[in-house]
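Structure data follow from target20.pdb (PDB, C-alpha atoms, pLDDT in the B column):
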MODEL        1
ATOM      1  CA  MET A   1     133.115 -26.599-127.464  1.00 63.00           C
ATOM      2  CA  ILE A   2     134.023 -30.300-127.637  1.00 66.00           C
ATOM      3  CA  SER A   3     136.965 -31.240-129.765  1.00 70.00           C
ATOM      4  CA  PRO A   4     136.575 -34.059-132.310  1.00 66.00           C
ATOM      5  CA  LEU A   5     138.848 -36.220-130.159  1.00 65.00           C
ATOM      6  CA  GLU A   6     136.628 -35.788-127.092  1.00 64.00           C
ATOM      7  CA  ALA A   7     133.473 -36.429-129.125  1.00 61.00           C
ATOM      8  CA  ARG A   8     134.777 -39.832-130.155  1.00 68.00           C
ATOM      9  CA  TYR A   9     135.083 -40.969-126.558  1.00 71.00           C
ATOM     10  CA  TYR A  10     131.704 -39.833-125.301  1.00 68.00           C
ATOM     11  CA  ARG A  11     129.657 -42.640-123.874  1.00 76.00           C
ATOM     12  CA  ARG A  12     126.095 -42.144-122.865  1.00 82.00           C
ATOM     13  CA  PRO A  13     125.626 -42.936-119.170  1.00 87.00           C
ATOM     14  CA  ILE A  14     123.631 -46.130-118.621  1.00 88.00           C
ATOM     15  CA  PRO A  15     121.657 -46.629-115.406  1.00 88.00           C
ATOM     16  CA  LEU A  16     122.715 -49.526-113.185  1.00 89.00           C
ATOM     17  CA  LEU A  17     119.343 -51.269-113.449  1.00 88.00           C
ATOM     18  CA  TRP A  18     118.789 -50.724-117.188  1.00 89.00           C
ATOM     19  CA  TRP A  19     117.823 -54.381-117.583  1.00 86.00           C
ATOM     20  CA  ALA A  20     114.934 -54.077-115.109  1.00 89.00           C
ATOM     21  CA  ARG A  21     112.870 -51.888-117.458  1.00 90.00           C
ATOM     22  CA  ARG A  22     111.892 -54.636-119.910  1.00 92.00           C
ATOM     23  CA  ARG A  23     110.371 -57.928-118.874  1.00 91.00           C
ATOM     24  CA  SER A  24     112.422 -59.935-121.366  1.00 89.00           C
ATOM     25  CA  TYR A  25     115.689 -58.448-120.078  1.00 91.00           C
ATOM     26  CA  LEU A  26     114.621 -58.984-116.468  1.00 91.00           C
ATOM     27  CA  THR A  27     113.744 -62.622-117.165  1.00 88.00           C
ATOM     28  CA  PHE A  28     117.094 -63.125-118.848  1.00 88.00           C
ATOM     29  CA  MET A  29     119.004 -61.620-115.917  1.00 90.00           C
ATOM     30  CA  VAL A  30     117.063 -63.640-113.334  1.00 89.00           C
ATOM     31  CA  ARG A  31     117.714 -66.790-115.355  1.00 88.00           C
ATOM     32  CA  GLU A  32     121.420 -65.988-115.423  1.00 89.00           C
ATOM     33  CA  LEU A  33     121.323 -65.451-111.659  1.00 88.00           C
ATOM     34  CA  SER A  34     119.647 -68.834-111.290  1.00 87.00           C
ATOM     35  CA  SER A  35     122.829 -70.446-112.624  1.00 89.00           C
ATOM     36  CA  VAL A  36     124.517 -69.541-109.348  1.00 91.00           C
ATOM     37  CA  PHE A  37     121.925 -71.577-107.462  1.00 88.00           C
ATOM     38  CA  VAL A  38     122.312 -74.500-109.858  1.00 88.00           C
ATOM     39  CA  ALA A  39     126.029 -74.433-109.028  1.00 92.00           C
ATOM     40  CA  LEU A  40     125.143 -74.255-105.319  1.00 90.00           C
ATOM     41  CA  PHE A  41     123.101 -77.464-105.638  1.00 89.00           C
ATOM     42  CA  VAL A  42     126.016 -79.170-107.391  1.00 92.00           C
ATOM     43  CA  VAL A  43     128.422 -78.149-104.619  1.00 94.00           C
ATOM     44  CA  GLU A  44     125.937 -79.345-101.998  1.00 94.00           C
ATOM     45  CA  LEU A  45     125.644 -82.694-103.774  1.00 93.00           C
ATOM     46  CA  LEU A  46     129.431 -83.043-103.878  1.00 96.00           C
ATOM     47  CA  LEU A  47     129.607 -82.264-100.152  1.00 96.00           C
ATOM     48  CA  LEU A  48     126.968 -84.931 -99.537  1.00 95.00           C
ATOM     49  CA  VAL A  49     129.010 -87.500-101.460  1.00 96.00           C
ATOM     50  CA  ARG A  50     132.089 -86.492 -99.459  1.00 96.00           C
ATOM     51  CA  ALA A  51     130.169 -86.825 -96.185  1.00 96.00           C
ATOM     52  CA  VAL A  52     128.863 -90.274 -97.125  1.00 95.00           C
ATOM     53  CA  GLY A  53     132.396 -91.322 -98.016  1.00 95.00           C
ATOM     54  CA  GLY A  54     133.650 -89.985 -94.685  1.00 94.00           C
ATOM     55  CA  GLY A  55     131.579 -92.413 -92.664  1.00 94.00           C
ATOM     56  CA  PRO A  56     128.518 -92.231 -90.425  1.00 95.00           C
ATOM     57  CA  ALA A  57     129.852 -89.417 -88.218  1.00 95.00           C
ATOM     58  CA  ALA A  58     130.597 -87.141 -91.179  1.00 95.00           C
ATOM     59  CA  TYR A  59     127.191 -87.935 -92.700  1.00 95.00           C
ATOM     60  CA  GLU A  60     125.415 -87.072 -89.421  1.00 96.00           C
ATOM     61  CA  ARG A  61     127.316 -83.749 -89.239  1.00 96.00           C
ATOM     62  CA  PHE A  62     126.249 -82.993 -92.814  1.00 96.00           C
ATOM     63  CA  LEU A  63     122.608 -83.786 -92.030  1.00 95.00           C
ATOM     64  CA  GLY A  64     122.832 -81.581 -88.924  1.00 95.00           C
ATOM     65  CA  THR A  65     124.154 -78.703 -91.009  1.00 95.00           C
ATOM     66  CA  MET A  66     121.421 -79.154 -93.612  1.00 94.00           C
ATOM     67  CA  ALA A  67     118.729 -79.160 -90.898  1.00 95.00           C
ATOM     68  CA  GLU A  68     119.580 -75.637 -89.715  1.00 95.00           C
ATOM     69  CA  PRO A  69     116.873 -73.057 -90.547  1.00 96.00           C
ATOM     70  CA  ALA A  70     119.230 -70.883 -92.605  1.00 94.00           C
ATOM     71  CA  MET A  71     120.182 -73.845 -94.783  1.00 94.00           C
ATOM     72  CA  ILE A  72     116.546 -74.834 -95.231  1.00 94.00           C
ATOM     73  CA  VAL A  73     115.640 -71.308 -96.369  1.00 94.00           C
ATOM     74  CA  LEU A  74     118.661 -71.215 -98.671  1.00 92.00           C
ATOM     75  CA  ASN A  75     117.695 -74.560-100.197  1.00 93.00           C
ATOM     76  CA  VAL A  76     114.069 -73.504-100.723  1.00 94.00           C
ATOM     77  CA  VAL A  77     115.224 -70.318-102.497  1.00 92.00           C
ATOM     78  CA  ALA A  78     117.728 -72.360-104.511  1.00 91.00           C
ATOM     79  CA  LEU A  79     114.993 -74.838-105.454  1.00 92.00           C
ATOM     80  CA  ALA A  80     112.809 -72.009-106.754  1.00 93.00           C
ATOM     81  CA  PHE A  81     115.668 -70.678-108.889  1.00 91.00           C
ATOM     82  CA  VAL A  82     116.594 -74.154-110.150  1.00 89.00           C
ATOM     83  CA  LEU A  83     112.980 -74.761-111.175  1.00 91.00           C
ATOM     84  CA  LEU A  84     112.939 -71.400-112.980  1.00 89.00           C
ATOM     85  CA  HIS A  85     116.166 -72.384-114.716  1.00 87.00           C
ATOM     86  CA  ALA A  86     114.754 -75.764-115.730  1.00 88.00           C
ATOM     87  CA  VAL A  87     111.455 -74.349-116.990  1.00 91.00           C
ATOM     88  CA  THR A  88     113.072 -71.593-119.039  1.00 88.00           C
ATOM     89  CA  PHE A  89     115.535 -74.128-120.455  1.00 87.00           C
ATOM     90  CA  ALA A  90     112.703 -76.473-121.400  1.00 91.00           C
ATOM     91  CA  ASN A  91     110.774 -73.616-123.006  1.00 91.00           C
ATOM     92  CA  LEU A  92     113.736 -72.909-125.293  1.00 89.00           C
ATOM     93  CA  THR A  93     113.790 -76.471-126.651  1.00 90.00           C
ATOM     94  CA  PRO A  94     111.336 -75.914-129.562  1.00 90.00           C
ATOM     95  CA  ARG A  95     113.454 -72.995-130.740  1.00 89.00           C
ATOM     96  CA  ALA A  96     116.734 -74.907-130.529  1.00 89.00           C
ATOM     97  CA  MET A  97     115.532 -78.211-131.952  1.00 87.00           C
ATOM     98  CA  VAL A  98     113.434 -78.544-135.079  1.00 87.00           C
ATOM     99  CA  VAL A  99     111.837 -81.993-135.199  1.00 87.00           C
ATOM    100  CA  ARG A 100     110.703 -83.389-138.539  1.00 89.00           C
ATOM    101  CA  VAL A 101     108.613 -86.487-139.123  1.00 90.00           C
ATOM    102  CA  ARG A 102     108.904 -87.507-142.757  1.00 90.00           C
ATOM    103  CA  ARG A 103     108.691 -84.147-144.530  1.00 89.00           C
ATOM    104  CA  TYR A 104     106.568 -82.341-141.967  1.00 92.00           C
ATOM    105  CA  ARG A 105     107.785 -80.175-139.163  1.00 91.00           C
ATOM    106  CA  VAL A 106     106.433 -81.100-135.728  1.00 90.00           C
ATOM    107  CA  PRO A 107     104.722 -78.055-134.160  1.00 92.00           C
ATOM    108  CA  PRO A 108     106.716 -76.379-131.365  1.00 91.00           C
ATOM    109  CA  ARG A 109     103.901 -76.979-128.859  1.00 93.00           C
ATOM    110  CA  VAL A 110     104.097 -80.732-129.468  1.00 93.00           C
ATOM    111  CA  VAL A 111     107.882 -80.697-128.929  1.00 92.00           C
ATOM    112  CA  LEU A 112     107.402 -78.720-125.724  1.00 94.00           C
ATOM    113  CA  ALA A 113     104.674 -81.086-124.543  1.00 94.00           C
ATOM    114  CA  GLY A 114     107.075 -83.978-125.139  1.00 93.00           C
ATOM    115  CA  VAL A 115     109.747 -82.296-123.037  1.00 93.00           C
ATOM    116  CA  TYR A 116     107.348 -81.701-120.144  1.00 95.00           C
ATOM    117  CA  PHE A 117     105.943 -85.222-120.451  1.00 96.00           C
ATOM    118  CA  GLY A 118     109.457 -86.650-120.241  1.00 95.00           C
ATOM    119  CA  TRP A 119     110.168 -84.453-117.231  1.00 94.00           C
ATOM    120  CA  LEU A 120     106.998 -85.733-115.561  1.00 96.00           C
ATOM    121  CA  VAL A 121     107.876 -89.382-116.250  1.00 97.00           C
ATOM    122  CA  VAL A 122     111.385 -88.980-114.819  1.00 96.00           C
ATOM    123  CA  THR A 123     110.014 -87.126-111.777  1.00 94.00           C
ATOM    124  CA  LEU A 124     107.424 -89.824-111.087  1.00 96.00           C
ATOM    125  CA  PHE A 125     110.049 -92.551-111.466  1.00 97.00           C
ATOM    126  CA  LEU A 126     112.416 -90.806-109.036  1.00 95.00           C
ATOM    127  CA  ALA A 127     109.565 -90.244-106.579  1.00 95.00           C
ATOM    128  CA  TRP A 128     108.715 -93.938-106.844  1.00 95.00           C
ATOM    129  CA  LEU A 129     112.355 -94.836-106.116  1.00 95.00           C
ATOM    130  CA  VAL A 130     112.566 -92.541-103.095  1.00 93.00           C
ATOM    131  CA  VAL A 131     109.120 -93.070-101.558  1.00 93.00           C
ATOM    132  CA  GLY A 132     108.649 -96.656-102.633  1.00 80.00           C
TER     133      GLY A 132
ENDMDL
END
Would you mind writing the file's structure down as structure tokens?
Amino acid sequence: MISPLEARYYRRPIPLLWWARRRSYLTFMVRELSSVFVALFVVELLLLVRAVGGGPAAYERFLGTMAEPAMIVLNVVALAFVLLHAVTFANLTPRAMVVRVRRYRVPPRVVLAGVYFGWLVVTLFLAWLVVG
């Protein structure tokens, strides 16, 4: 027989991968994991700035490190996670921001289309700057 004191402290065991059973929980956990790769890109950018500031030799060493196959694979995986992070963030915009024109609420799909259109414009502009 369990005493009342022991009954108060009972906690139902929870499986380690409880979040993998529902798609919404899984998406949330993968999005949270993607934050690590966003931080990785930031650190890589800071290292690039440091290498450029260190002169041509430091910059060449940095480029040599980035050209290794392991770094290329890591950056491709990080890019996939960063894109997932960006897309899920953009998809939350209509829920976080209610846009009104005069007295009418702008439909969430129009807000989302505006976000993706802005993303496309910025991407094309950056591609134009880089490629020429």
Between atom CA of Leu79 of chain A and atom CA of Glu32 of chain A, what is the spacing in Å? 14.8 Å
Centre and edge lengths of an axis-aligned box around all listed atoms of segment 47-52 of chain A, with 8 Å added on each side, are to be given in Å to one decimal, as JSON.
{"center_x": 129.5, "center_y": -86.3, "center_z": -98.8, "size_x": 21.1, "size_y": 24.0, "size_z": 21.3}
Could you tell me which residues the PyMOL selection byres ((chain A and resi 94) around 8) returns for this structure, as a list in words? Asn91, Leu92, Thr93, Arg95, Ala96, Met97, Val98, Pro108, Arg109, Val111 and Leu112 of chain A
Name all residues at most 10 Å from segment 25-31 of chain A (count all atoms listed in the file; drop same-chain ones fewer than 6 positions away) and give them as a short mmCIF file (atom, residue, chain, number, x, y, z; two decimals) with C-alpha atoms, in the coordinates of the input.
data_model
loop_
_atom_site.label_atom_id
_atom_site.label_comp_id
_atom_site.auth_asym_id
_atom_site.auth_seq_id
_atom_site.Cartn_x
_atom_site.Cartn_y
_atom_site.Cartn_z
CA LEU A 17 119.34 -51.27 -113.45
CA TRP A 18 118.79 -50.72 -117.19
CA TRP A 19 117.82 -54.38 -117.58
CA PHE A 81 115.67 -70.68 -108.89
CA VAL A 82 116.59 -74.15 -110.15
CA LEU A 84 112.94 -71.40 -112.98
CA HIS A 85 116.17 -72.38 -114.72
CA ALA A 86 114.75 -75.76 -115.73
CA VAL A 87 111.46 -74.35 -116.99
CA THR A 88 113.07 -71.59 -119.04
CA PHE A 89 115.54 -74.13 -120.46
#
So that I can check the surroundings of Val77 of chain A, please list as number ranges by chain every protein, DNA and RNA residue that reaches within 12 Å of it, counting all atoms listed in the file and ignoring chain neighbours fewer than 4 positions away. A: 34, 36-38, 40-41, 70-73, 81-84
If you keep C-alpha atoms, can you produce a file of those selected residues as a PDB file, keeping the file's coordinate frame?
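What ended up in result.pdb:
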ATOM      1  CA  SER A  34     119.647 -68.834-111.290  1.00 87.00           C
ATOM      2  CA  VAL A  36     124.517 -69.541-109.348  1.00 91.00           C
ATOM      3  CA  PHE A  37     121.925 -71.577-107.462  1.00 88.00           C
ATOM      4  CA  VAL A  38     122.312 -74.500-109.858  1.00 88.00           C
ATOM      5  CA  LEU A  40     125.143 -74.255-105.319  1.00 90.00           C
ATOM      6  CA  PHE A  41     123.101 -77.464-105.638  1.00 89.00           C
ATOM      7  CA  ALA A  70     119.230 -70.883 -92.605  1.00 94.00           C
ATOM      8  CA  MET A  71     120.182 -73.845 -94.783  1.00 94.00           C
ATOM      9  CA  ILE A  72     116.546 -74.834 -95.231  1.00 94.00           C
ATOM     10  CA  VAL A  73     115.640 -71.308 -96.369  1.00 94.00           C
ATOM     11  CA  PHE A  81     115.668 -70.678-108.889  1.00 91.00           C
ATOM     12  CA  VAL A  82     116.594 -74.154-110.150  1.00 89.00           C
ATOM     13  CA  LEU A  83     112.980 -74.761-111.175  1.00 91.00           C
ATOM     14  CA  LEU A  84     112.939 -71.400-112.980  1.00 89.00           C
TER      15      LEU A  84
END
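Distance-wise, atom CA of Leu46 of chain A and atom CA of Trp119 of chain A end up 23.5 Å apart.
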Of the listed residues A:Arg102, A:Gly132, A:Met66, A:Ala90, that which approaches Gly114 of chain A most closely, counting all atoms listed in the file: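 Distance minimum relative to Gly114 of chain A lands on A:Ala90.
The spacing separating atom CA of Val49 of chain A from atom CA of Ala78 of chain A amounts to 19.1 Å.
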In terms of the shortest atom-to-atom distance over only C-alpha atoms, which of A:Arg23, A:Arg12, A:Arg61, A:Arg103 is closest to Leu48 of chain A? A:Arg61
Under the rule that all atoms listed in the file are counted, which of A:Ala80, A:Thr65, A:Tyr116, A:Leu126 is the nearest residue to Leu47 of chain A?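 Closest to Leu47 of chain A of all the choices is A:Thr65.
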Would you kindly place N, CA and C atoms on segment 102-115 of chain A and return the model as a PDB file, in the frame of the given file?
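What ended up in result.pdb:
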ATOM      1  N   ARG A 102     108.970 -87.428-141.297  1.00 90.00           N
ATOM      2  CA  ARG A 102     108.904 -87.507-142.757  1.00 90.00           C
ATOM      3  C   ARG A 102     109.269 -86.148-143.330  1.00 90.00           C
ATOM      4  N   ARG A 103     108.357 -85.466-143.987  1.00 89.00           N
ATOM      5  CA  ARG A 103     108.691 -84.147-144.530  1.00 89.00           C
ATOM      6  C   ARG A 103     108.045 -83.020-143.748  1.00 89.00           C
ATOM      7  N   TYR A 104     107.343 -83.350-142.692  1.00 92.00           N
ATOM      8  CA  TYR A 104     106.568 -82.341-141.967  1.00 92.00           C
ATOM      9  C   TYR A 104     107.260 -81.953-140.661  1.00 92.00           C
ATOM     10  N   ARG A 105     107.205 -80.686-140.398  1.00 91.00           N
ATOM     11  CA  ARG A 105     107.785 -80.175-139.163  1.00 91.00           C
ATOM     12  C   ARG A 105     106.785 -80.369-138.028  1.00 91.00           C
ATOM     13  N   VAL A 106     107.280 -80.922-136.910  1.00 90.00           N
ATOM     14  CA  VAL A 106     106.433 -81.100-135.728  1.00 90.00           C
ATOM     15  C   VAL A 106     106.222 -79.725-135.093  1.00 90.00           C
ATOM     16  N   PRO A 107     104.980 -79.372-134.759  1.00 92.00           N
ATOM     17  CA  PRO A 107     104.722 -78.055-134.160  1.00 92.00           C
ATOM     18  C   PRO A 107     105.492 -77.868-132.847  1.00 92.00           C
ATOM     19  N   PRO A 108     105.953 -76.640-132.592  1.00 91.00           N
ATOM     20  CA  PRO A 108     106.716 -76.379-131.365  1.00 91.00           C
ATOM     21  C   PRO A 108     105.970 -76.774-130.085  1.00 91.00           C
ATOM     22  N   ARG A 109     104.657 -76.608-130.069  1.00 93.00           N
ATOM     23  CA  ARG A 109     103.901 -76.979-128.859  1.00 93.00           C
ATOM     24  C   ARG A 109     103.964 -78.481-128.586  1.00 93.00           C
ATOM     25  N   VAL A 110     104.003 -79.273-129.641  1.00 93.00           N
ATOM     26  CA  VAL A 110     104.097 -80.732-129.468  1.00 93.00           C
ATOM     27  C   VAL A 110     105.482 -81.100-128.931  1.00 93.00           C
ATOM     28  N   VAL A 111     106.527 -80.456-129.442  1.00 92.00           N
ATOM     29  CA  VAL A 111     107.882 -80.697-128.929  1.00 92.00           C
ATOM     30  C   VAL A 111     107.945 -80.318-127.455  1.00 92.00           C
ATOM     31  N   LEU A 112     107.388 -79.170-127.118  1.00 94.00           N
ATOM     32  CA  LEU A 112     107.402 -78.720-125.724  1.00 94.00           C
ATOM     33  C   LEU A 112     106.598 -79.661-124.831  1.00 94.00           C
ATOM     34  N   ALA A 113     105.470 -80.126-125.320  1.00 94.00           N
ATOM     35  CA  ALA A 113     104.674 -81.086-124.543  1.00 94.00           C
ATOM     36  C   ALA A 113     105.465 -82.373-124.319  1.00 94.00           C
ATOM     37  N   GLY A 114     106.235 -82.796-125.305  1.00 93.00           N
ATOM     38  CA  GLY A 114     107.075 -83.978-125.139  1.00 93.00           C
ATOM     39  C   GLY A 114     108.146 -83.787-124.082  1.00 93.00           C
ATOM     40  N   VAL A 115     108.724 -82.595-124.053  1.00 93.00           N
ATOM     41  CA  VAL A 115     109.747 -82.296-123.037  1.00 93.00           C
ATOM     42  C   VAL A 115     109.135 -82.354-121.651  1.00 93.00           C
TER      43      VAL A 115
END
